[in-house]
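Visitor: Following this line is model33.txt, made up of compact mmCIF, C-alpha atoms and all ligand atoms:
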```txt
# COMPACT_ATOMS: atom_id res chain seq x y z
CA MET A 15 0.00 0.00 0.00
CA GLU A 16 1.41 3.39 -1.05
CA ASP A 17 2.36 5.91 1.63
CA GLU A 18 -0.07 8.38 0.12
CA LEU A 19 -3.00 5.99 0.47
CA ILE A 20 -2.00 5.09 4.03
CA HIS A 21 -1.99 8.78 4.91
CA GLU A 22 -5.33 9.32 3.15
CA ILE A 23 -7.06 6.54 5.13
CA ALA A 24 -5.55 7.78 8.42
CA SER A 25 -6.82 11.29 7.62
CA GLU A 26 -10.32 9.96 6.90
CA LEU A 27 -10.39 8.32 10.33
CA ILE A 28 -9.25 11.52 12.00
CA THR A 29 -11.87 13.54 10.12
CA ALA A 30 -14.57 11.06 11.22
CA GLU A 31 -13.40 11.49 14.82
CA GLU A 32 -13.29 15.28 14.59
CA ASN A 33 -16.70 15.55 12.90
CA LYS A 34 -18.20 12.82 15.11
CA GLN A 35 -19.51 11.27 11.93
CA SER A 36 -19.05 7.52 11.58
CA ILE A 37 -17.85 5.97 8.32
CA GLU A 38 -18.24 2.62 6.60
CA ARG A 39 -15.49 0.12 7.40
CA PHE A 40 -12.78 0.11 4.75
CA THR A 41 -12.94 -3.67 4.33
CA LYS A 42 -16.59 -3.55 3.25
CA HIS A 43 -16.06 -2.23 -0.27
CA ARG A 44 -12.91 -0.19 -0.68
CA TYR A 45 -10.10 -2.36 0.73
CA PRO A 46 -11.53 -5.83 1.42
CA ASP A 47 -8.03 -7.31 1.69
CA LEU A 48 -6.66 -4.81 4.20
CA SER A 49 -3.96 -6.76 6.07
CA VAL A 50 -2.90 -6.49 9.70
CA GLU A 51 0.46 -5.11 8.59
CA GLN A 52 -1.12 -2.44 6.39
CA ALA A 53 -3.57 -1.60 9.16
CA TYR A 54 -0.75 -0.93 11.64
CA HIS A 55 0.92 1.30 9.03
CA ILE A 56 -2.33 3.29 8.87
CA GLN A 57 -2.45 3.43 12.69
CA GLU A 58 1.16 4.69 12.74
CA ALA A 59 0.25 7.42 10.22
CA LEU A 60 -2.76 8.39 12.36
CA ILE A 61 -0.56 8.63 15.48
CA GLN A 62 1.92 10.74 13.52
CA ILE A 63 -0.79 13.15 12.33
CA LYS A 64 -2.14 13.54 15.88
CA ARG A 65 1.37 14.20 17.17
CA MET A 66 1.87 16.86 14.54
CA GLU A 67 -1.40 18.43 15.67
CA GLY A 68 0.08 18.71 19.18
CA ASP A 69 -1.32 15.61 20.92
CA THR A 70 1.06 13.65 23.15
CA VAL A 71 1.06 9.85 23.44
CA VAL A 72 0.48 8.78 27.05
CA ALA A 73 0.82 5.00 26.63
CA PRO A 74 0.06 2.04 24.41
CA LYS A 75 -3.10 0.06 25.27
CA MET A 76 -4.30 -3.42 24.57
CA GLY A 77 -7.57 -4.21 22.79
CA LEU A 78 -9.55 -7.28 21.74
CA THR A 79 -8.20 -9.20 24.71
CA SER A 80 -11.20 -11.39 25.43
CA LYS A 81 -11.60 -14.77 23.78
CA ALA A 82 -15.37 -14.16 23.65
CA LYS A 83 -14.70 -11.13 21.43
CA TRP A 84 -12.32 -13.14 19.23
CA ASP A 85 -15.07 -15.70 18.59
CA GLN A 86 -17.58 -12.95 17.92
CA MET A 87 -15.24 -11.28 15.41
CA GLY A 88 -13.62 -14.36 13.96
CA VAL A 89 -10.11 -13.27 15.00
CA ASP A 90 -7.44 -14.96 17.07
CA GLN A 91 -5.20 -12.18 18.27
CA PRO A 92 -5.24 -9.12 20.50
CA ILE A 93 -4.36 -5.71 19.10
CA TYR A 94 -2.79 -2.55 20.42
CA GLY A 95 -3.41 1.14 20.04
CA TYR A 96 -2.37 4.32 21.82
CA ILE A 97 -3.96 6.80 24.17
CA PHE A 98 -3.22 10.53 24.09
CA ASP A 99 -3.21 13.26 26.73
CA THR A 100 -6.21 14.84 25.00
CA MET A 101 -8.28 11.68 25.65
CA LYS A 102 -8.22 12.06 29.44
CA VAL A 103 -11.76 12.53 30.75
CA ASP A 104 -11.77 15.44 33.19
CA GLY A 105 -15.00 15.49 35.17
CA ASP A 106 -18.04 14.08 33.37
CA ILE A 107 -18.03 12.21 30.07
CA GLU A 108 -19.26 14.78 27.55
CA PHE A 109 -21.49 12.75 25.25
CA SER A 110 -21.24 15.35 22.48
CA ASN A 111 -17.50 14.63 22.18
CA TYR A 112 -18.25 11.10 20.94
CA ILE A 113 -20.04 9.28 18.12
CA HIS A 114 -21.48 6.31 20.06
CA PRO A 115 -19.40 5.83 23.22
CA LYS A 116 -19.09 2.57 25.13
CA ILE A 117 -17.24 1.98 28.37
CA GLU A 118 -14.99 -0.89 29.41
CA PRO A 119 -13.71 -1.56 32.94
CA GLU A 120 -10.02 -2.43 32.82
CA ILE A 121 -7.00 -3.14 34.98
CA GLY A 122 -4.17 -0.70 34.40
CA ILE A 123 -0.54 -1.61 34.95
CA VAL A 124 2.64 0.45 35.24
CA LEU A 125 5.94 -1.33 34.71
CA ALA A 126 8.94 -0.82 37.00
CA SER A 127 11.46 -1.00 34.16
CA ASP A 128 11.42 -0.93 30.35
CA MET A 129 10.62 -4.21 28.59
CA GLN A 130 11.69 -5.26 25.13
CA GLY A 131 11.62 -8.69 23.51
CA THR A 132 9.67 -11.16 21.45
CA ASN A 133 9.48 -14.03 23.94
CA ILE A 134 8.38 -12.20 27.05
CA THR A 135 6.14 -14.24 29.34
CA LYS A 136 3.47 -13.45 31.89
CA GLU A 137 6.02 -14.39 34.59
CA ASP A 138 8.53 -11.84 33.24
CA VAL A 139 5.83 -9.18 33.48
CA LEU A 140 4.74 -10.23 36.97
CA GLU A 141 8.30 -9.61 38.20
CA ASN A 142 8.27 -6.13 36.75
CA ILE A 143 5.03 -4.48 37.91
CA GLU A 144 5.40 -1.22 39.78
CA TYR A 145 1.70 -0.84 40.53
CA ALA A 146 -1.83 -1.47 39.29
CA PHE A 147 -4.66 1.05 38.99
CA SER A 148 -8.30 1.01 37.95
CA ALA A 149 -9.25 2.29 34.53
CA VAL A 150 -12.42 2.97 32.62
CA GLU A 151 -11.88 3.18 28.90
CA VAL A 152 -14.35 5.04 26.69
CA ILE A 153 -14.15 3.48 23.24
CA ASP A 154 -15.73 5.15 20.23
CA SER A 155 -15.20 3.28 16.97
CA ARG A 156 -15.17 5.55 13.97
CA TYR A 157 -17.09 2.86 12.06
CA THR A 158 -20.87 2.88 11.79
CA ASP A 159 -22.50 0.56 14.35
CA PHE A 160 -19.06 -0.64 15.54
CA ASP A 161 -19.09 -2.78 12.40
CA PHE A 162 -15.44 -3.51 11.63
CA HIS A 163 -13.02 -6.28 10.76
CA LEU A 164 -9.60 -6.72 12.28
CA GLY A 165 -7.75 -4.43 9.86
CA ASP A 166 -10.34 -1.67 10.25
CA VAL A 167 -10.14 -1.56 14.03
CA ILE A 168 -6.33 -1.64 14.08
CA ALA A 169 -6.23 1.26 11.61
CA ASP A 170 -8.73 3.09 13.85
CA ASN A 171 -6.28 3.05 16.78
CA ALA A 172 -8.27 0.30 18.50
CA SER A 173 -11.33 2.55 18.91
CA SER A 174 -9.46 4.73 21.45
CA LYS A 175 -11.16 7.92 22.53
CA GLY A 176 -11.29 8.42 26.33
CA TYR A 177 -10.00 7.13 29.65
CA ILE A 178 -10.42 7.63 33.37
CA PHE A 179 -7.75 6.35 35.75
CA SER A 180 -7.81 6.04 39.52
CA GLU A 181 -5.26 8.21 41.30
CA GLU A 182 -4.70 5.59 43.97
CA ARG A 183 -2.14 2.89 43.17
CA VAL A 184 -2.18 -0.73 44.33
CA LEU A 185 1.13 -2.52 44.80
CA PRO A 186 1.52 -5.89 43.05
CA ASP A 187 1.70 -7.91 46.27
CA LYS A 188 -1.68 -6.48 47.31
CA ILE A 189 -3.65 -7.71 44.29
CA ASP A 190 -4.33 -10.99 42.50
CA LEU A 191 -4.71 -9.61 38.98
CA ALA A 192 -6.33 -12.69 37.43
CA ASN A 193 -8.90 -12.95 40.23
CA GLU A 194 -9.65 -9.25 40.52
CA LYS A 195 -13.39 -8.82 40.11
CA VAL A 196 -15.32 -5.90 38.69
CA GLN A 197 -18.95 -4.82 38.58
CA VAL A 198 -20.37 -1.97 36.49
CA THR A 199 -23.61 -0.33 37.51
CA ILE A 200 -25.42 2.32 35.54
CA ASN A 201 -28.02 4.30 37.45
CA ASP A 202 -27.71 1.71 40.26
CA GLU A 203 -28.46 -1.26 38.00
CA VAL A 204 -25.79 -3.91 37.47
CA VAL A 205 -25.06 -4.04 33.75
CA VAL A 206 -21.92 -6.22 33.53
CA GLU A 207 -19.56 -8.13 35.77
CA GLY A 208 -16.14 -9.55 35.03
CA ILE A 209 -12.82 -10.81 36.30
CA GLY A 210 -9.16 -10.23 35.45
CA SER A 211 -8.78 -13.66 33.87
CA ASN A 212 -11.19 -12.54 31.13
CA VAL A 213 -8.21 -10.54 29.84
CA LEU A 214 -6.17 -13.15 27.92
CA ASP A 215 -6.41 -15.42 31.00
CA HIS A 216 -4.29 -12.92 32.96
CA PRO A 217 -3.73 -9.15 32.62
CA ALA A 218 0.05 -9.77 32.81
CA GLU A 219 -0.34 -12.01 29.72
CA SER A 220 -1.83 -9.01 27.95
CA ILE A 221 1.20 -6.88 28.80
CA ALA A 222 3.49 -9.72 27.63
CA ALA A 223 1.59 -9.81 24.32
CA LEU A 224 2.01 -6.04 23.99
CA VAL A 225 5.77 -6.25 24.65
CA ASN A 226 6.10 -9.08 22.12
CA MET A 227 4.06 -7.33 19.41
CA LEU A 228 6.03 -4.10 19.81
CA GLY A 229 9.23 -6.13 20.18
CA GLU A 230 8.67 -7.54 16.67
CA LYS A 231 8.96 -3.94 15.49
CA GLY A 232 12.04 -3.23 17.62
CA GLN A 233 10.04 -1.09 20.03
CA THR A 234 10.08 -0.97 23.82
CA VAL A 235 7.29 -0.78 26.39
CA LYS A 236 8.46 1.84 28.81
CA LYS A 237 8.41 1.96 32.58
CA GLY A 238 6.02 4.50 34.03
CA GLU A 239 3.48 4.30 31.18
CA PRO A 240 -0.11 3.68 32.42
CA ILE A 241 -1.11 0.72 30.25
CA MET A 242 -4.70 -0.46 29.95
CA THR A 243 -4.65 -4.24 29.65
CA GLY A 244 -8.06 -4.72 28.00
CA GLY A 245 -11.75 -4.95 28.86
CA MET A 246 -12.70 -7.27 31.75
CA THR A 247 -16.31 -7.34 30.48
CA SER A 248 -18.07 -6.65 27.22
CA ALA A 249 -18.26 -2.95 26.39
CA VAL A 250 -21.38 -1.07 27.51
CA LEU A 251 -23.14 1.64 25.49
CA ILE A 252 -23.67 4.82 27.50
CA LYS A 253 -25.98 7.82 27.12
CA PRO A 254 -26.46 11.28 28.64
CA GLY A 255 -27.85 11.09 32.16
CA ASP A 256 -26.08 7.83 33.01
CA VAL A 257 -24.25 7.64 36.31
CA ILE A 258 -21.63 4.93 36.02
CA LYS A 259 -20.07 3.18 38.99
CA VAL A 260 -17.24 0.70 38.48
CA THR A 261 -16.49 -1.30 41.61
CA TYR A 262 -13.50 -3.65 41.86
CA SER A 263 -12.68 -6.19 44.54
CA THR A 264 -9.32 -4.55 45.35
CA LEU A 265 -8.71 -1.61 43.03
CA PRO A 266 -10.29 1.79 43.73
CA THR A 267 -13.86 2.47 42.62
CA ILE A 268 -14.38 4.85 39.71
CA GLU A 269 -17.56 6.89 39.40
CA VAL A 270 -18.40 9.09 36.47
CA ALA A 271 -21.50 10.70 35.01
CA VAL A 272 -22.40 11.20 31.35
CA ASN A 273 -23.47 14.69 30.34
O1 LIG B 301 -9.97 -1.38 23.91
C1 LIG B 301 -10.54 -2.22 23.22
O2 LIG B 301 -10.61 -3.43 23.52
C2 LIG B 301 -11.19 -1.77 21.97
C3 LIG B 301 -10.74 -2.56 20.82
C4 LIG B 301 -11.71 -2.40 19.71
C5 LIG B 301 -12.96 -3.17 19.92
C6 LIG B 301 -14.15 -2.31 19.98
O3 LIG B 301 -14.16 -1.15 19.53
O4 LIG B 301 -15.17 -2.84 20.45
MG MG B 302 -10.17 -1.24 26.02
```
Could you render the structure as structure tokens?
Guide:
Amino acid sequence: MEDELIHEIASELITAEENKQSIERFTKHRYPDLSVEQAYHIQEALIQIKRMEGDTVVAPKMGLTSKAKWDQMGVDQPIYGYIFDTMKVDGDIEFSNYIHPKIEPEIGIVLASDMQGTNITKEDVLENIEYAFSAVEVIDSRYTDFDFHLGDVIADNASSKGYIFSEERVLPDKIDLANEKVQVTINDEVVVEGIGSNVLDHPAESIAALVNMLGEKGQTVKKGEPIMTGGMTSAVLIKPGDVIKVTYSTLPTIEVAVN
């Protein structure tokens, strides 16, 4: 795929985000054979454009980390994307900033030292966790009805749009990441429940997968970056007026309203 076309597709995704106007997935008619490799090139171009516009990358994030989602989408691999400083939700979630937002409760992890490699294991990660934190991701696919194939969602920076992190940190010896439970209520009604092992069997496995995927490209996952490991439940559509409460068994509770 030519550089010019890669840049053009990345720009279309950014325009869709800026105009809050969803678009048809590229694999439907225009590029049915869009490969994973091409899709990451588009994602890289999108990141580059955002950087040039003044946005700063905060951290990579993991997506499509539940096996249930793989079956639903007919894929067999997780993906990664990036979050930016401009995606931080300050105060309420402003519905008008999104196309069709959904939330995902996640476990966040900060590494104690940089990791690079292609054979990194869950155990390697577990020895290198500085702390865990609670995270609510607000995803907002740029594709109509969240209808996408693997290449589309990779190109779309893994649907990234917003995030809320707890300030409080939990040290690794104070939490069993795989058995950490979460419950999401909206307007006091339980809407989803999950557990850390829903994330690639173990959130540390998700970080290992991230290190290995970036390692294939000669890149490093850096210490100090707040990394979202992936949804512990299915994503939940939200609407103005919702009051969301995300309660974990160990990690701090996050509460946020939608305006
Ligand atoms: O963070 C995520 O898991 C999002 C990945 C893309 C899947 C989606 O938009 O539902
Ligand atoms: Mg997510």
Visitor: Find the residue from A:His163, A:Lys75, A:Lys81, A:Lys231 that sits nearest to ligand MG 302 (chain B); use only C-alpha atoms and all ligand atoms when measuring.
Guide: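 Of all the options, A:Lys75 lies closest to ligand MG 302 (chain B).
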Visitor: Using all atoms listed in the file, which residues sit within 10 Å of Asn133 in chain A once same-chain residues fewer than 6 positions away are excluded, as a PDB file with C-alpha atoms, in the frame of the given file?
Guide:
```pdb
ATOM      1  CA  ALA A 222       3.490  -9.720  27.630  1.00  0.00           C
ATOM      2  CA  ALA A 223       1.590  -9.810  24.320  1.00  0.00           C
ATOM      3  CA  VAL A 225       5.770  -6.250  24.650  1.00  0.00           C
ATOM      4  CA  ASN A 226       6.100  -9.080  22.120  1.00  0.00           C
ATOM      5  CA  MET A 227       4.060  -7.330  19.410  1.00  0.00           C
ATOM      6  CA  GLY A 229       9.230  -6.130  20.180  1.00  0.00           C
ATOM      7  CA  GLU A 230       8.670  -7.540  16.670  1.00  0.00           C
TER       8      GLU A 230
END
```
Visitor: Return as a PyMOL selection string every polymer residue, whether protein, DNA or RNA, with at least one atom no more than 7 Å from an atom of ligand MG 302 (chain B); count all atoms listed in the file.
Guide: chain A and resi 76-77+118+120+151+153+242+244-245
Visitor: Do you have, as JSON lines, the list of residues of chain A lying at most 9 Å from ligand LIG 301 (chain B), each with its nearest atom pair and that distance in Å to one decimal, counting only C-alpha atoms and all ligand atoms and ordered by chain then number?
Guide:
```
{"residue": "A:Lys75", "atom": "CA", "partner": "B:LIG301", "partner_atom": "O1", "distance": 7.1}
{"residue": "A:Met76", "atom": "CA", "partner": "B:LIG301", "partner_atom": "O1", "distance": 6.1}
{"residue": "A:Gly77", "atom": "CA", "partner": "B:LIG301", "partner_atom": "O2", "distance": 3.2}
{"residue": "A:Leu78", "atom": "CA", "partner": "B:LIG301", "partner_atom": "O2", "distance": 4.4}
{"residue": "A:Thr79", "atom": "CA", "partner": "B:LIG301", "partner_atom": "O2", "distance": 6.4}
{"residue": "A:Ser80", "atom": "CA", "partner": "B:LIG301", "partner_atom": "O2", "distance": 8.2}
{"residue": "A:Lys83", "atom": "CA", "partner": "B:LIG301", "partner_atom": "C5", "distance": 8.3}
{"residue": "A:Pro92", "atom": "CA", "partner": "B:LIG301", "partner_atom": "O2", "distance": 8.4}
{"residue": "A:Ile93", "atom": "CA", "partner": "B:LIG301", "partner_atom": "C3", "distance": 7.3}
{"residue": "A:Tyr94", "atom": "CA", "partner": "B:LIG301", "partner_atom": "C3", "distance": 8.0}
{"residue": "A:Gly95", "atom": "CA", "partner": "B:LIG301", "partner_atom": "O1", "distance": 8.0}
{"residue": "A:Lys116", "atom": "CA", "partner": "B:LIG301", "partner_atom": "O4", "distance": 8.2}
{"residue": "A:Glu118", "atom": "CA", "partner": "B:LIG301", "partner_atom": "O1", "distance": 7.5}
{"residue": "A:Glu120", "atom": "CA", "partner": "B:LIG301", "partner_atom": "O1", "distance": 9.0}
{"residue": "A:Glu151", "atom": "CA", "partner": "B:LIG301", "partner_atom": "O1", "distance": 7.0}
{"residue": "A:Val152", "atom": "CA", "partner": "B:LIG301", "partner_atom": "O1", "distance": 8.3}
{"residue": "A:Ile153", "atom": "CA", "partner": "B:LIG301", "partner_atom": "O3", "distance": 5.9}
{"residue": "A:Asp154", "atom": "CA", "partner": "B:LIG301", "partner_atom": "O3", "distance": 6.5}
{"residue": "A:Ser155", "atom": "CA", "partner": "B:LIG301", "partner_atom": "O3", "distance": 5.2}
{"residue": "A:Arg156", "atom": "CA", "partner": "B:LIG301", "partner_atom": "O3", "distance": 8.8}
{"residue": "A:Tyr157", "atom": "CA", "partner": "B:LIG301", "partner_atom": "O3", "distance": 9.0}
{"residue": "A:Phe160", "atom": "CA", "partner": "B:LIG301", "partner_atom": "O3", "distance": 6.3}
{"residue": "A:Asp161", "atom": "CA", "partner": "B:LIG301", "partner_atom": "O3", "distance": 8.8}
{"residue": "A:Phe162", "atom": "CA", "partner": "B:LIG301", "partner_atom": "O3", "distance": 8.3}
{"residue": "A:Leu164", "atom": "CA", "partner": "B:LIG301", "partner_atom": "C4", "distance": 8.8}
{"residue": "A:Val167", "atom": "CA", "partner": "B:LIG301", "partner_atom": "C4", "distance": 6.0}
{"residue": "A:Ile168", "atom": "CA", "partner": "B:LIG301", "partner_atom": "C4", "distance": 7.8}
{"residue": "A:Asp170", "atom": "CA", "partner": "B:LIG301", "partner_atom": "C4", "distance": 8.6}
{"residue": "A:Asn171", "atom": "CA", "partner": "B:LIG301", "partner_atom": "C3", "distance": 8.2}
{"residue": "A:Ala172", "atom": "CA", "partner": "B:LIG301", "partner_atom": "C3", "distance": 4.4}
{"residue": "A:Ser173", "atom": "CA", "partner": "B:LIG301", "partner_atom": "O3", "distance": 4.7}
{"residue": "A:Ser174", "atom": "CA", "partner": "B:LIG301", "partner_atom": "O1", "distance": 6.6}
{"residue": "A:Met242", "atom": "CA", "partner": "B:LIG301", "partner_atom": "O1", "distance": 8.1}
{"residue": "A:Thr243", "atom": "CA", "partner": "B:LIG301", "partner_atom": "O1", "distance": 8.3}
{"residue": "A:Gly244", "atom": "CA", "partner": "B:LIG301", "partner_atom": "O2", "distance": 5.3}
{"residue": "A:Gly245", "atom": "CA", "partner": "B:LIG301", "partner_atom": "O2", "distance": 5.7}
{"residue": "A:Ser248", "atom": "CA", "partner": "B:LIG301", "partner_atom": "O4", "distance": 8.3}
{"residue": "A:Ala249", "atom": "CA", "partner": "B:LIG301", "partner_atom": "O4", "distance": 6.7}
```
Visitor: Any idea what's packed within 10 Å of Glu108 in chain A, counting only C-alpha atoms, ignoring anything in its chain fewer than 4 positions away? Could you give it as a list of chain:residue names?
Guide: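 Answer for this query is A:Val103, A:Asp104, A:Tyr112, A:Pro115, A:Lys253, A:Pro254, A:Ala271, A:Val272, A:Asn273.
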